[in-house]
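Participant: Just so it is clear, I am handing over start_31.cif, which has mmCIF, C-alpha atoms.
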```cif
data_start
loop_
_atom_site.label_atom_id
_atom_site.label_comp_id
_atom_site.auth_asym_id
_atom_site.auth_seq_id
_atom_site.Cartn_x
_atom_site.Cartn_y
_atom_site.Cartn_z
CA MET A 1443 82.12 -30.45 71.65
CA LYS A 1444 78.83 -29.16 70.27
CA ARG A 1445 75.87 -31.43 70.93
CA ASN A 1446 75.61 -34.00 68.16
CA SER A 1447 73.06 -36.82 68.05
CA ARG A 1448 72.93 -39.60 65.48
CA GLN A 1449 69.96 -41.85 64.82
CA TYR A 1450 69.10 -44.20 62.01
CA ALA A 1451 67.28 -43.19 58.85
CA CYS A 1452 66.51 -44.68 55.48
CA ILE A 1453 69.75 -44.66 53.52
CA ILE A 1454 70.22 -46.23 50.09
CA LEU A 1455 73.58 -45.90 48.39
CA LEU A 1456 74.75 -46.98 44.95
CA PHE A 1457 78.21 -48.56 44.79
CA SER A 1458 79.93 -48.12 41.45
CA ILE A 1459 83.06 -49.77 40.13
CA CYS A 1460 84.43 -48.39 36.89
CA PRO A 1461 87.85 -47.57 35.39
CA THR A 1462 87.71 -43.93 36.49
CA VAL A 1463 85.83 -44.16 39.79
CA VAL A 1464 86.62 -47.24 41.87
CA GLY A 1465 84.65 -48.04 44.99
CA GLN A 1466 82.63 -44.84 45.30
CA TRP A 1467 79.24 -44.76 47.02
CA ASN A 1468 76.59 -42.31 45.81
CA TRP A 1469 73.36 -41.35 47.55
CA GLN A 1470 70.17 -42.70 45.97
CA THR A 1471 67.68 -42.01 48.75
CA PRO A 1472 67.08 -39.84 50.65
CA LEU A 1473 68.20 -36.94 48.46
CA PRO A 1474 70.33 -34.95 48.38
CA GLN A 1475 71.71 -37.04 51.27
CA GLY A 1476 70.72 -38.32 54.72
CA ASN A 1477 73.44 -37.32 57.17
CA ASN A 1478 72.44 -34.87 59.88
CA LEU A 1479 72.96 -31.28 58.70
CA LEU A 1480 74.27 -28.95 61.39
CA HIS A 1481 74.74 -25.56 59.73
CA VAL A 1482 73.41 -23.60 56.76
CA GLN A 1483 74.43 -20.27 55.24
CA PHE A 1484 73.19 -18.31 52.22
CA VAL A 1485 75.12 -15.31 50.90
CA ASP A 1486 72.17 -14.18 48.77
CA GLY A 1487 68.91 -15.61 47.50
CA THR A 1488 70.69 -18.06 45.20
CA PHE A 1489 73.96 -19.38 46.62
CA GLY A 1490 73.98 -21.45 49.80
CA TRP A 1491 75.94 -24.11 51.65
CA ALA A 1492 74.99 -26.68 54.27
CA SER A 1493 77.40 -28.76 56.34
CA GLY A 1494 77.08 -31.68 58.70
CA GLU A 1495 78.13 -35.12 59.80
CA TYR A 1496 80.85 -37.22 58.19
CA GLY A 1497 82.40 -34.35 56.27
CA THR A 1498 79.20 -33.41 54.50
CA VAL A 1499 79.22 -30.11 52.61
CA LEU A 1500 76.33 -29.39 50.23
CA HIS A 1501 76.02 -26.48 47.79
CA THR A 1502 73.13 -24.95 45.89
CA SER A 1503 73.19 -22.31 43.18
CA THR A 1504 69.43 -22.43 42.67
CA GLY A 1505 68.15 -21.05 45.96
CA GLY A 1506 67.92 -24.55 47.41
CA SER A 1507 65.80 -26.26 44.76
CA THR A 1508 68.77 -28.47 43.83
CA TRP A 1509 71.81 -29.44 45.90
CA TYR A 1510 74.99 -31.37 45.24
CA GLU A 1511 77.65 -32.76 47.52
CA GLN A 1512 80.98 -30.96 47.52
CA GLU A 1513 82.59 -33.01 50.30
CA TYR A 1514 81.79 -36.60 51.24
CA ALA A 1515 85.06 -38.50 51.70
CA ARG A 1516 85.97 -37.07 55.11
CA THR A 1517 85.08 -38.56 58.47
CA ASP A 1518 85.18 -35.36 60.54
CA ASN A 1519 81.88 -33.61 61.16
CA VAL A 1520 81.80 -30.17 59.53
CA LEU A 1521 80.00 -28.02 62.09
CA SER A 1522 80.17 -24.52 60.63
CA VAL A 1523 80.60 -22.68 57.32
CA SER A 1524 81.48 -19.01 56.79
CA MET A 1525 81.27 -17.78 53.20
CA ILE A 1526 82.12 -14.12 52.57
CA SER A 1527 81.09 -14.29 48.90
CA GLY A 1528 79.82 -16.76 46.34
CA ASP A 1529 83.40 -17.95 45.83
CA VAL A 1530 85.43 -17.57 49.03
CA GLY A 1531 84.76 -19.21 52.36
CA TRP A 1532 85.86 -21.43 55.22
CA ALA A 1533 84.47 -24.41 57.12
CA ALA A 1534 85.43 -25.91 60.47
CA GLY A 1535 84.71 -29.03 62.50
CA ASP A 1536 86.00 -31.99 64.46
CA ASN A 1537 89.67 -32.49 65.33
CA GLY A 1538 90.55 -28.88 64.57
CA ILE A 1539 89.78 -29.20 60.86
CA ILE A 1540 89.58 -25.95 58.87
CA LEU A 1541 88.74 -26.04 55.15
CA TYR A 1542 89.14 -23.22 52.64
CA THR A 1543 87.65 -22.62 49.17
CA THR A 1544 88.01 -20.00 46.46
CA ASP A 1545 85.74 -21.65 43.85
CA ASN A 1546 82.26 -21.88 45.41
CA GLY A 1547 83.34 -24.93 47.39
CA ASP A 1548 83.93 -27.16 44.37
CA THR A 1549 87.34 -27.78 45.93
CA TRP A 1550 88.16 -27.46 49.62
CA SER A 1551 91.75 -27.42 50.89
CA GLU A 1552 92.82 -27.92 54.49
CA GLN A 1553 94.39 -25.14 56.50
CA SER A 1554 96.46 -25.94 59.58
CA SER A 1555 94.67 -24.81 62.73
CA GLY A 1556 97.48 -26.02 64.96
CA ILE A 1557 95.06 -27.88 67.24
CA THR A 1558 93.34 -31.28 67.36
CA SER A 1559 90.32 -30.37 69.49
CA GLY A 1560 86.94 -29.75 67.92
CA LEU A 1561 85.95 -26.44 66.34
CA ASN A 1562 82.25 -25.68 66.61
CA ALA A 1563 82.03 -22.33 64.81
CA ILE A 1564 83.94 -20.19 62.33
CA THR A 1565 83.30 -16.63 61.13
CA PHE A 1566 85.03 -14.17 58.82
CA VAL A 1567 84.38 -10.45 58.43
CA ASP A 1568 86.54 -10.01 55.30
CA PRO A 1569 88.98 -12.12 53.25
CA ALA A 1570 91.74 -11.69 55.83
CA ASN A 1571 90.19 -11.60 59.32
CA GLY A 1572 88.48 -14.59 60.83
CA TRP A 1573 87.89 -16.45 64.08
CA ALA A 1574 87.17 -20.07 64.97
CA ALA A 1575 86.02 -21.39 68.36
CA GLY A 1576 85.37 -24.74 69.98
CA ASP A 1577 86.32 -27.21 72.68
CA ASN A 1578 88.24 -26.11 75.78
CA GLU A 1579 86.89 -22.60 75.12
CA ILE A 1580 89.49 -22.14 72.42
CA ILE A 1581 89.33 -19.10 70.14
CA LEU A 1582 91.61 -18.95 67.11
CA HIS A 1583 92.27 -15.82 65.03
CA THR A 1584 93.74 -15.23 61.59
CA THR A 1585 94.70 -12.01 59.84
CA ASP A 1586 95.92 -13.61 56.61
CA GLY A 1587 92.92 -15.58 55.40
CA GLY A 1588 93.74 -18.68 57.42
CA LEU A 1589 97.33 -19.20 56.34
CA THR A 1590 98.21 -18.92 60.03
CA TRP A 1591 95.98 -19.23 63.08
CA ASN A 1592 96.85 -17.94 66.56
CA VAL A 1593 95.24 -18.81 69.91
CA GLN A 1594 93.48 -15.82 71.50
CA HIS A 1595 91.74 -17.68 74.32
CA GLN A 1596 91.86 -21.17 75.79
CA SER A 1597 90.79 -22.97 78.97
CA VAL A 1598 91.92 -26.19 80.65
CA THR A 1599 88.30 -26.98 81.55
CA PRO A 1600 86.13 -29.25 79.36
CA SER A 1601 83.84 -26.31 78.60
CA SER A 1602 83.28 -25.33 74.97
CA ILE A 1603 82.37 -22.32 72.88
CA ASN A 1604 79.53 -23.29 70.56
CA ASP A 1605 79.09 -20.13 68.49
CA ILE A 1606 81.06 -17.01 67.65
CA LYS A 1607 79.85 -13.92 65.80
CA PHE A 1608 81.42 -10.55 64.96
CA LEU A 1609 79.39 -7.40 64.46
CA ASN A 1610 82.39 -5.76 62.79
CA ALA A 1611 86.16 -6.26 62.69
CA ALA A 1612 86.50 -5.19 66.32
CA GLU A 1613 83.46 -6.35 68.30
CA GLY A 1614 82.61 -10.01 68.68
CA TRP A 1615 80.65 -12.40 70.89
CA GLY A 1616 80.94 -16.06 71.77
CA VAL A 1617 78.62 -18.35 73.73
CA GLY A 1618 79.15 -21.81 75.16
CA SER A 1619 78.57 -24.35 77.88
CA ASN A 1620 78.01 -23.50 81.56
CA ARG A 1621 76.05 -20.36 80.56
CA SER A 1622 79.30 -18.76 79.37
CA VAL A 1623 79.31 -15.59 77.26
CA PHE A 1624 82.48 -14.04 75.81
CA HIS A 1625 82.88 -10.48 74.51
CA THR A 1626 85.65 -8.53 72.78
CA THR A 1627 85.89 -4.98 71.47
CA ASP A 1628 89.49 -5.18 70.21
CA SER A 1629 89.32 -7.96 67.61
CA GLY A 1630 89.90 -10.60 70.27
CA ALA A 1631 93.12 -9.24 71.73
CA THR A 1632 91.22 -9.44 75.03
CA TRP A 1633 88.13 -11.50 75.77
CA ILE A 1634 85.90 -10.82 78.78
CA SER A 1635 83.93 -13.86 79.92
CA GLN A 1636 80.99 -14.14 82.28
CA GLN A 1637 78.20 -16.53 83.20
CA LEU A 1638 74.75 -15.20 82.39
CA GLY A 1639 71.30 -16.50 83.26
CA THR A 1640 70.07 -18.39 86.28
CA THR A 1641 68.91 -21.77 85.00
CA PRO A 1642 71.34 -24.61 84.20
CA ALA A 1643 71.96 -24.36 80.47
CA TYR A 1644 74.51 -24.29 77.74
CA TYR A 1645 74.23 -21.67 75.06
CA SER A 1646 74.31 -22.75 71.44
CA SER A 1647 73.92 -19.58 69.36
CA ILE A 1648 74.00 -15.77 69.43
CA SER A 1649 72.72 -13.22 66.92
CA PHE A 1650 72.41 -9.43 66.73
CA GLY A 1651 69.71 -7.75 64.67
CA SER A 1652 71.25 -4.32 65.24
CA ALA A 1653 74.12 -2.80 67.23
CA SER A 1654 71.91 -2.78 70.32
CA VAL A 1655 69.47 -5.73 70.01
CA GLY A 1656 70.71 -9.31 70.35
CA CYS A 1657 69.61 -12.74 71.54
CA ILE A 1658 71.28 -15.86 72.93
CA VAL A 1659 69.58 -19.29 72.83
CA GLY A 1660 70.41 -22.66 74.37
CA SER A 1661 69.22 -25.73 76.20
CA ASN A 1662 65.99 -26.02 78.19
CA GLY A 1663 64.42 -23.38 75.95
CA ALA A 1664 66.74 -20.70 77.33
CA ILE A 1665 66.71 -17.26 75.69
CA LEU A 1666 68.57 -14.14 76.79
CA ARG A 1667 68.10 -10.77 75.12
CA THR A 1668 69.81 -7.42 75.20
CA SER A 1669 68.57 -4.04 74.01
CA ASN A 1670 71.70 -2.06 74.91
CA GLY A 1671 74.44 -3.75 72.95
CA GLY A 1672 75.14 -6.41 75.55
CA LEU A 1673 75.66 -4.17 78.57
CA THR A 1674 72.87 -6.13 80.26
CA TRP A 1675 71.08 -9.37 79.37
CA ILE A 1676 67.68 -10.45 80.64
CA ASN A 1677 65.80 -13.75 80.44
CA ALA A 1678 63.03 -14.02 77.88
CA SER A 1679 60.43 -16.78 77.83
CA SER A 1680 60.62 -19.08 74.81
CA GLY A 1681 57.48 -20.96 75.78
CA VAL A 1682 59.22 -24.30 75.10
CA GLY A 1683 61.54 -26.63 76.97
CA ALA A 1684 63.36 -27.98 73.95
CA ILE A 1685 67.00 -27.34 73.08
CA LEU A 1686 67.25 -24.22 70.92
CA ASN A 1687 70.06 -24.85 68.43
CA ASP A 1688 70.29 -21.63 66.44
CA VAL A 1689 68.98 -18.07 66.36
CA SER A 1690 68.97 -15.47 63.57
CA LEU A 1691 67.75 -11.89 63.97
CA GLU A 1692 66.82 -10.12 60.75
CA SER A 1693 66.44 -6.72 62.39
CA ALA A 1694 65.95 -5.08 65.77
CA THR A 1695 62.44 -6.56 65.84
CA VAL A 1696 62.15 -9.73 63.71
CA GLY A 1697 64.01 -12.99 64.27
CA TRP A 1698 63.77 -16.77 64.31
CA ALA A 1699 65.12 -19.68 66.33
CA VAL A 1700 65.08 -23.42 65.59
CA ALA A 1701 64.97 -26.30 68.02
CA ASP A 1702 64.79 -30.02 68.61
CA GLY A 1703 61.45 -31.61 67.79
CA GLY A 1704 61.07 -29.63 64.56
CA LEU A 1705 60.20 -26.40 66.39
CA LEU A 1706 60.42 -22.94 64.81
CA LEU A 1707 60.21 -19.89 67.06
CA LYS A 1708 59.59 -16.32 65.85
CA THR A 1709 59.82 -12.92 67.49
CA THR A 1710 58.52 -9.59 66.22
CA ASP A 1711 59.60 -7.49 69.22
CA GLY A 1712 63.33 -8.03 69.35
CA GLY A 1713 63.18 -11.24 71.38
CA ALA A 1714 60.99 -10.01 74.22
CA SER A 1715 58.34 -12.60 73.29
CA TRP A 1716 58.29 -15.63 71.00
CA SER A 1717 55.65 -17.69 69.22
CA ASN A 1718 56.36 -21.27 68.21
CA THR A 1719 55.12 -23.87 65.76
CA THR A 1720 56.19 -27.35 64.66
CA ILE A 1721 57.25 -27.36 61.01
CA ALA A 1722 59.05 -30.73 60.75
CA GLY A 1723 59.16 -34.13 62.39
CA ASP A 1724 62.93 -34.02 62.77
CA GLY A 1725 65.19 -31.84 64.90
CA LEU A 1726 66.20 -28.49 63.36
CA SER A 1727 69.82 -27.39 63.68
CA SER A 1728 70.40 -24.14 61.83
CA VAL A 1729 68.57 -21.26 60.13
CA SER A 1730 69.85 -18.84 57.49
CA ARG A 1731 68.02 -15.86 56.02
CA PHE A 1732 68.24 -13.42 53.14
CA GLY A 1733 65.49 -10.83 53.29
CA THR A 1734 62.21 -12.63 53.88
CA THR A 1735 63.57 -15.94 52.54
CA LEU A 1736 64.59 -18.50 55.17
CA TRP A 1737 66.38 -21.82 54.92
CA ILE A 1738 66.52 -24.41 57.72
CA VAL A 1739 68.48 -27.67 57.97
CA GLY A 1740 68.40 -30.49 60.48
CA GLU A 1741 68.38 -34.20 61.25
CA TYR A 1742 68.55 -36.81 58.47
CA GLY A 1743 69.44 -34.12 55.94
CA VAL A 1744 66.16 -32.19 56.21
CA ILE A 1745 66.18 -28.91 54.21
CA LEU A 1746 63.30 -26.45 54.45
CA LYS A 1747 62.66 -23.14 52.66
CA SER A 1748 60.22 -20.29 53.27
CA THR A 1749 59.75 -17.30 50.97
CA ASP A 1750 57.23 -15.48 53.17
CA GLY A 1751 59.14 -14.96 56.39
CA GLY A 1752 58.37 -18.35 57.88
CA ASN A 1753 54.59 -18.41 57.45
CA SER A 1754 54.74 -21.41 55.07
CA TRP A 1755 57.46 -23.93 54.28
CA ASN A 1756 58.55 -26.15 51.40
CA ARG A 1757 60.63 -29.25 52.00
CA LEU A 1758 63.58 -29.33 49.58
CA ASP A 1759 64.91 -32.79 50.46
CA THR A 1760 63.05 -35.87 49.29
CA GLU A 1761 62.24 -39.47 50.22
CA SER A 1762 61.57 -41.26 53.51
CA ARG A 1763 63.58 -40.87 56.72
CA LEU A 1764 62.26 -44.10 58.21
CA SER A 1765 64.82 -46.79 59.04
CA ALA A 1766 65.65 -49.07 56.10
CA ASN A 1767 66.41 -52.54 57.48
CA TRP A 1768 67.10 -54.79 54.47
CA ILE A 1769 67.43 -54.76 50.70
CA ASP A 1770 67.23 -57.43 47.99
CA ALA A 1771 67.93 -56.97 44.30
CA PRO A 1772 67.15 -59.96 42.02
CA SER A 1773 68.56 -58.09 39.01
CA LEU A 1774 70.63 -55.03 38.12
CA SER A 1775 67.48 -52.97 37.60
CA ALA A 1776 64.98 -54.25 40.20
CA GLY A 1777 65.35 -53.95 43.96
CA THR A 1778 63.19 -53.72 47.08
CA VAL A 1779 63.88 -52.21 50.49
CA VAL A 1780 61.86 -52.90 53.67
CA GLY A 1781 62.03 -51.14 57.01
CA GLN A 1782 60.41 -49.26 59.82
CA ASP A 1783 56.63 -48.77 60.15
CA GLY A 1784 55.64 -50.45 56.90
CA LEU A 1785 58.37 -48.91 54.76
CA ILE A 1786 58.62 -50.63 51.36
CA LEU A 1787 60.61 -48.99 48.56
CA ARG A 1788 60.95 -50.34 45.03
CA THR A 1789 63.24 -49.47 42.12
CA THR A 1790 63.02 -50.76 38.54
CA ASP A 1791 65.80 -48.58 37.10
CA GLY A 1792 68.82 -49.60 39.12
CA GLY A 1793 68.10 -47.14 41.92
CA ALA A 1794 67.84 -43.99 39.81
CA SER A 1795 64.41 -43.60 41.41
CA TRP A 1796 62.63 -45.28 44.31
CA ALA A 1797 58.85 -45.54 44.67
CA GLN A 1798 57.14 -46.18 47.99
CA GLN A 1799 54.75 -49.13 48.02
CA ALA A 1800 51.80 -49.66 50.34
CA SER A 1801 52.13 -52.19 53.13
CA PRO A 1802 48.95 -54.04 54.18
CA VAL A 1803 50.14 -53.62 57.78
CA PRO A 1804 51.61 -50.08 57.89
CA SER A 1805 52.35 -50.21 61.62
CA VAL A 1806 54.58 -53.29 61.25
CA SER A 1807 58.32 -53.02 60.70
CA CYS A 1808 60.00 -55.57 58.44
CA TYR A 1809 63.60 -56.77 58.83
CA GLY A 1810 64.12 -59.13 55.91
CA VAL A 1811 63.12 -59.35 52.25
CA LYS A 1812 63.84 -61.87 49.49
CA PHE A 1813 62.83 -62.05 45.80
CA THR A 1814 63.16 -65.19 43.68
CA ASP A 1815 62.67 -63.15 40.49
CA ARG A 1816 61.56 -59.62 39.58
CA TYR A 1817 57.99 -60.21 40.74
CA HIS A 1818 57.84 -62.89 43.46
CA GLY A 1819 59.01 -61.79 46.88
CA TRP A 1820 58.52 -62.11 50.64
CA ALA A 1821 59.12 -59.72 53.54
CA VAL A 1822 59.17 -60.66 57.23
CA GLY A 1823 58.97 -58.63 60.43
CA ASP A 1824 57.22 -57.91 63.72
CA GLU A 1825 54.86 -60.33 65.44
CA GLY A 1826 55.22 -63.15 62.94
CA THR A 1827 54.37 -60.97 59.95
CA ILE A 1828 54.97 -62.48 56.51
CA LEU A 1829 54.17 -60.39 53.43
CA ARG A 1830 54.09 -61.72 49.86
CA THR A 1831 53.93 -60.19 46.40
CA THR A 1832 53.54 -61.95 43.04
CA ASN A 1833 53.76 -58.82 40.87
CA GLY A 1834 56.54 -56.86 42.56
CA GLY A 1835 54.16 -54.23 43.90
CA THR A 1836 50.98 -55.52 45.58
CA TRP A 1837 51.63 -57.03 49.01
CA THR A 1838 49.37 -59.39 50.98
CA VAL A 1839 49.69 -60.99 54.42
CA GLN A 1840 50.46 -64.71 54.70
CA PRO A 1841 49.70 -66.52 57.97
CA SER A 1842 52.73 -67.64 59.96
CA ASN A 1843 50.94 -69.00 63.08
CA VAL A 1844 53.70 -67.54 65.27
CA SER A 1845 54.11 -64.27 67.17
CA HIS A 1846 57.92 -64.15 67.04
CA PHE A 1847 59.93 -61.35 65.48
CA LEU A 1848 61.01 -62.58 62.05
CA PHE A 1849 64.41 -61.30 60.94
CA GLY A 1850 65.40 -63.02 57.71
CA VAL A 1851 64.03 -64.97 54.76
CA THR A 1852 65.72 -66.89 51.93
CA PHE A 1853 64.73 -69.26 49.13
CA ALA A 1854 66.37 -72.07 47.17
CA GLY A 1855 64.09 -73.09 44.37
CA THR A 1856 60.63 -73.62 45.83
CA SER A 1857 61.96 -74.16 49.37
CA GLY A 1858 62.06 -71.20 51.72
CA TRP A 1859 63.25 -70.55 55.27
CA ILE A 1860 62.53 -67.79 57.77
CA VAL A 1861 64.46 -67.19 61.00
CA GLY A 1862 63.32 -65.22 64.03
CA GLY A 1863 63.08 -65.10 67.78
CA GLU A 1864 61.46 -63.70 70.91
CA PHE A 1865 63.44 -60.98 72.67
CA SER A 1866 61.80 -61.64 76.05
CA PHE A 1867 62.64 -65.36 76.19
CA TYR A 1868 65.68 -65.49 73.87
CA THR A 1869 64.13 -68.35 71.91
CA GLY A 1870 64.89 -68.84 68.24
CA ILE A 1871 62.57 -70.14 65.57
CA ILE A 1872 62.97 -71.44 62.02
CA LEU A 1873 60.03 -71.62 59.61
CA HIS A 1874 60.12 -73.69 56.41
CA SER A 1875 57.99 -73.79 53.28
CA SER A 1876 58.29 -76.29 50.43
#
```
Now that the file is in, can you turn its structure into structure tokens?
Facilitator:
Amino acid sequence: MKRNSRQYACIILLFSICPTVVGQWNWQTPLPQGNNLLHVQFVDGTFGWASGEYGTVLHTSTGGSTWYEQEYARTDNVLSVSMISGDVGWAAGDNGIILYTTDNGDTWSEQSSGITSGLNAITFVDPANGWAAGDNEIILHTTDGGLTWNVQHQSVTPSSINDIKFLNAAEGWGVGSNRSVFHTTDSGATWISQQLGTTPAYYSSISFGSASVGCIVGSNGAILRTSNGGLTWINASSGVGAILNDVSLESATVGWAVADGGLLLKTTDGGASWSNTTIAGDGLSSVSRFGTTLWIVGEYGVILKSTDGGNSWNRLDTESRLSANWIDAPSLSAGTVVGQDGLILRTTDGGASWAQQASPVPSVSCYGVKFTDRYHGWAVGDEGTILRTTNGGTWTVQPSNVSHFLFGVTFAGTSGWIVGGEFSFYTGIILHSS
């Protein structure tokens, strides 16, 4: 299965109960959502899709300035999307799931893949012919738009194919774990596999900028390039040791790759050499291009856009990705969230918008918060920290005279209690105020 890491980020959801929608959760922050995004594709400068964890499929019809969720009720990760137009496309992911749409993705229907193992990549060259690849080096093929899928290649080993691309209806390439590279020139009727490269690595992505120039990227900063249509591949230096998750060549000279640690790599000589820069604090999973416009997605729902070939970037997602540890809402309109590294968020409109407030100790994480009304509240956290506000927005430090981690706070009338402990000695503590 394709590498997939999950960490914690600030997530605030609104739960609504009404006659027409019962028990539905909607994202409030971060926006448009906070699940890790694993793949992005644009069919032109306007229409794009991004997919990721927990069945996430996002769509934009504004070049990325606004996004909305098309899928959110599934549990399977959606690892790849292949749209052949603004209306028609497919998506694939965990447990052999294949989804199909004919209306921009507003509705997705399941197609039977015939397997239960994970599918890491899917690609179509026209409305009829497509391929999907994944765990156990499986390659599926359809000639009827996904109504039926047939196995073209499969292995009993735990190896996987992480990406599959077709240059045309006949010639295709796949890359996977154990430095494996797969090639076909007859639409997949036969696949020739080989292990390329010398350093231990798995390959995550392949892209061709022309019929002759292509690049493969993978773990440990591995890059292979070809200038003769894949007859031979040679190692190229990426200059980094991070995992390279995706590569996209615009032409025989210009291309980009994205990596863990927020790294963007660029080549202007067909992959022979690469420059790199850090453009985000989160890992980057996938890059899509249309002309000189680039879109990148990654961890915690990060979405980035560049209109000048990657020289400058705008972040299209909003709000903090710090961990949110506790929330308290004394009314239907007012609520406060506390969390990692001084995170304090406040809403006064029922969560329609959240404003970040300044913590007097920005390096301290808080784990509990309690308000007795809209304005009077306390937050507790690391090293005996107690914060207090009397106006719902300005926070000051109150002395606790302890160095324990404080995890929770509650009030009954004018009496308050705080609980905490010391991890190193497993000792609990209760503080009381009257």
Participant: Which residue gives the smallest distance to A:Ile1539 among A:Val1520, A:Met1525, A:Leu1726, A:Leu1787, with only C-alpha atoms counted?
Facilitator: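 When distances to A:Ile1539 are compared using only C-alpha atoms, the smallest one comes from A:Val1520.
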Participant: Leaving out A:Leu1480 and any residue of its chain fewer than 2 positions from it, which residues lie within 6 Å of it when counting all atoms listed in the file, given as JSON, numbers by chain?
Facilitator: {"A": [1493, 1494, 1521, 1727]}
Participant: Tell me, as a list of chain:residue names, which residues lie within 6 Å of stretch 1639-1650 of chain A, counting only C-alpha atoms; anything in the same chain fewer than 6 positions away does not count.
Facilitator: A:Asn1604, A:Asp1605, A:Val1617, A:Gly1618, A:Ser1619, A:Asn1620, A:Arg1621, A:Gly1656, A:Cys1657, A:Ile1658, A:Val1659, A:Gly1660, A:Ser1661, A:Asn1687, A:Asp1688, A:Val1689, A:Ser1690, A:Leu1691
Participant: Quick one: everything within 9 Å of A:Gln1483, counting all atoms listed in the file, minus sequence neighbours fewer than 6 positions away in the same chain. Send it as a PyMOL selection string.
Facilitator: chain A and resi 1489-1492+1522-1525+1728-1731+1737
Participant: Emit the selected residues as a compact mmCIF listing (two decimals), in the coordinates of the input, including C-alpha atoms.
Facilitator:
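Contents of the output file out.txt:
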```txt
# COMPACT_ATOMS: atom_id res chain seq x y z
CA PHE A 1489 73.96 -19.38 46.62
CA GLY A 1490 73.98 -21.45 49.80
CA TRP A 1491 75.94 -24.11 51.65
CA ALA A 1492 74.99 -26.68 54.27
CA SER A 1522 80.17 -24.52 60.63
CA VAL A 1523 80.60 -22.68 57.32
CA SER A 1524 81.48 -19.01 56.79
CA MET A 1525 81.27 -17.78 53.20
CA SER A 1728 70.40 -24.14 61.83
CA VAL A 1729 68.57 -21.26 60.13
CA SER A 1730 69.85 -18.84 57.49
CA ARG A 1731 68.02 -15.86 56.02
CA TRP A 1737 66.38 -21.82 54.92
```
Participant: How close does each residue of stretch 1648-1684 of chain A get to stretch 1633-1637 of chain A, giving the shortest atom pair and distance in Å to one decimal for every residue with an atom at most 12 Å away, counting only C-alpha atoms, sorted by chain and residue number, as CSV?
Facilitator:
```
residue,atom,partner,partner_atom,distance
A:Leu1666,CA,A:Gln1637,CA,11.8
A:Gly1672,CA,A:Gln1636,CA,11.8
A:Leu1673,CA,A:Gln1636,CA,11.9
A:Thr1674,CA,A:Gln1636,CA,11.6
A:Trp1675,CA,A:Gln1637,CA,10.8
```
Participant: Considering all atoms listed in the file, state which residue in the set A:Thr1517, A:Tyr1809, A:Trp1837, A:Arg1816 is at the smallest distance from A:Ser1773.
Facilitator: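 Under the stated criterion, the closest residue is A:Arg1816.
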Participant: Measure the distance from atom CA of A:Gly1752 to atom CA of A:Leu1736 in Å and round it to one decimal.
Facilitator: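 Distance between the two atoms: 6.8 Å.
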Participant: Just so the selection is clear, what residues does the PyMOL selection byres ((chain A and resi 1474) around 12) cover here, as a CSV table (one decimal) with C-alpha atoms, keeping the file's coordinate frame?
Facilitator:
```
chain,number,residue,atom,x,y,z
A,1453,ILE,CA,69.8,-44.7,53.5
A,1454,ILE,CA,70.2,-46.2,50.1
A,1455,LEU,CA,73.6,-45.9,48.4
A,1468,ASN,CA,76.6,-42.3,45.8
A,1469,TRP,CA,73.4,-41.4,47.6
A,1470,GLN,CA,70.2,-42.7,46.0
A,1471,THR,CA,67.7,-42.0,48.8
A,1472,PRO,CA,67.1,-39.8,50.6
A,1473,LEU,CA,68.2,-36.9,48.5
A,1475,GLN,CA,71.7,-37.0,51.3
A,1476,GLY,CA,70.7,-38.3,54.7
A,1477,ASN,CA,73.4,-37.3,57.2
A,1478,ASN,CA,72.4,-34.9,59.9
A,1479,LEU,CA,73.0,-31.3,58.7
A,1492,ALA,CA,75.0,-26.7,54.3
A,1498,THR,CA,79.2,-33.4,54.5
A,1499,VAL,CA,79.2,-30.1,52.6
A,1500,LEU,CA,76.3,-29.4,50.2
A,1501,HIS,CA,76.0,-26.5,47.8
A,1502,THR,CA,73.1,-25.0,45.9
A,1506,GLY,CA,67.9,-24.6,47.4
A,1507,SER,CA,65.8,-26.3,44.8
A,1508,THR,CA,68.8,-28.5,43.8
A,1509,TRP,CA,71.8,-29.4,45.9
A,1510,TYR,CA,75.0,-31.4,45.2
A,1511,GLU,CA,77.6,-32.8,47.5
A,1512,GLN,CA,81.0,-31.0,47.5
A,1514,TYR,CA,81.8,-36.6,51.2
A,1742,TYR,CA,68.6,-36.8,58.5
A,1743,GLY,CA,69.4,-34.1,55.9
A,1744,VAL,CA,66.2,-32.2,56.2
A,1745,ILE,CA,66.2,-28.9,54.2
A,1757,ARG,CA,60.6,-29.2,52.0
A,1758,LEU,CA,63.6,-29.3,49.6
A,1759,ASP,CA,64.9,-32.8,50.5
A,1760,THR,CA,63.0,-35.9,49.3
A,1761,GLU,CA,62.2,-39.5,50.2
A,1762,SER,CA,61.6,-41.3,53.5
```
Participant: With distances taken over all atoms listed in the file, which of A:Val1598, A:Val1567, A:Ala1714, A:Val1593 is nearest to A:Ser1679?
Facilitator: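 Result for the nearest residue to A:Ser1679: A:Ala1714.
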Participant: I want to know what sits within 7 Å of A:Trp1820, based on only C-alpha atoms, with residues of the same chain fewer than 5 positions away left out; could you give that as a PyMOL selection string?
Facilitator: chain A and resi 1811-1813+1828-1831
Participant: Of the candidates A:Gly1835, A:Thr1852, A:Thr1627, A:Ala1821, which shows the shortest atom-to-atom distance to A:Thr1790, using only C-alpha atoms?
Facilitator: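 Distance minimum relative to A:Thr1790 lands on A:Gly1835.
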Participant: Anything within 9 Å of (63.5, -71.1, 55.7): list those residues as a list in words, counting all atoms listed in the file and sticking to the file's coordinates.
Facilitator: Gly1850, Val1851, Thr1852, Phe1853, Ser1857, Gly1858, Trp1859, Ile1860, Val1861, Ile1872, Leu1873, His1874 and Ser1875 of chain A
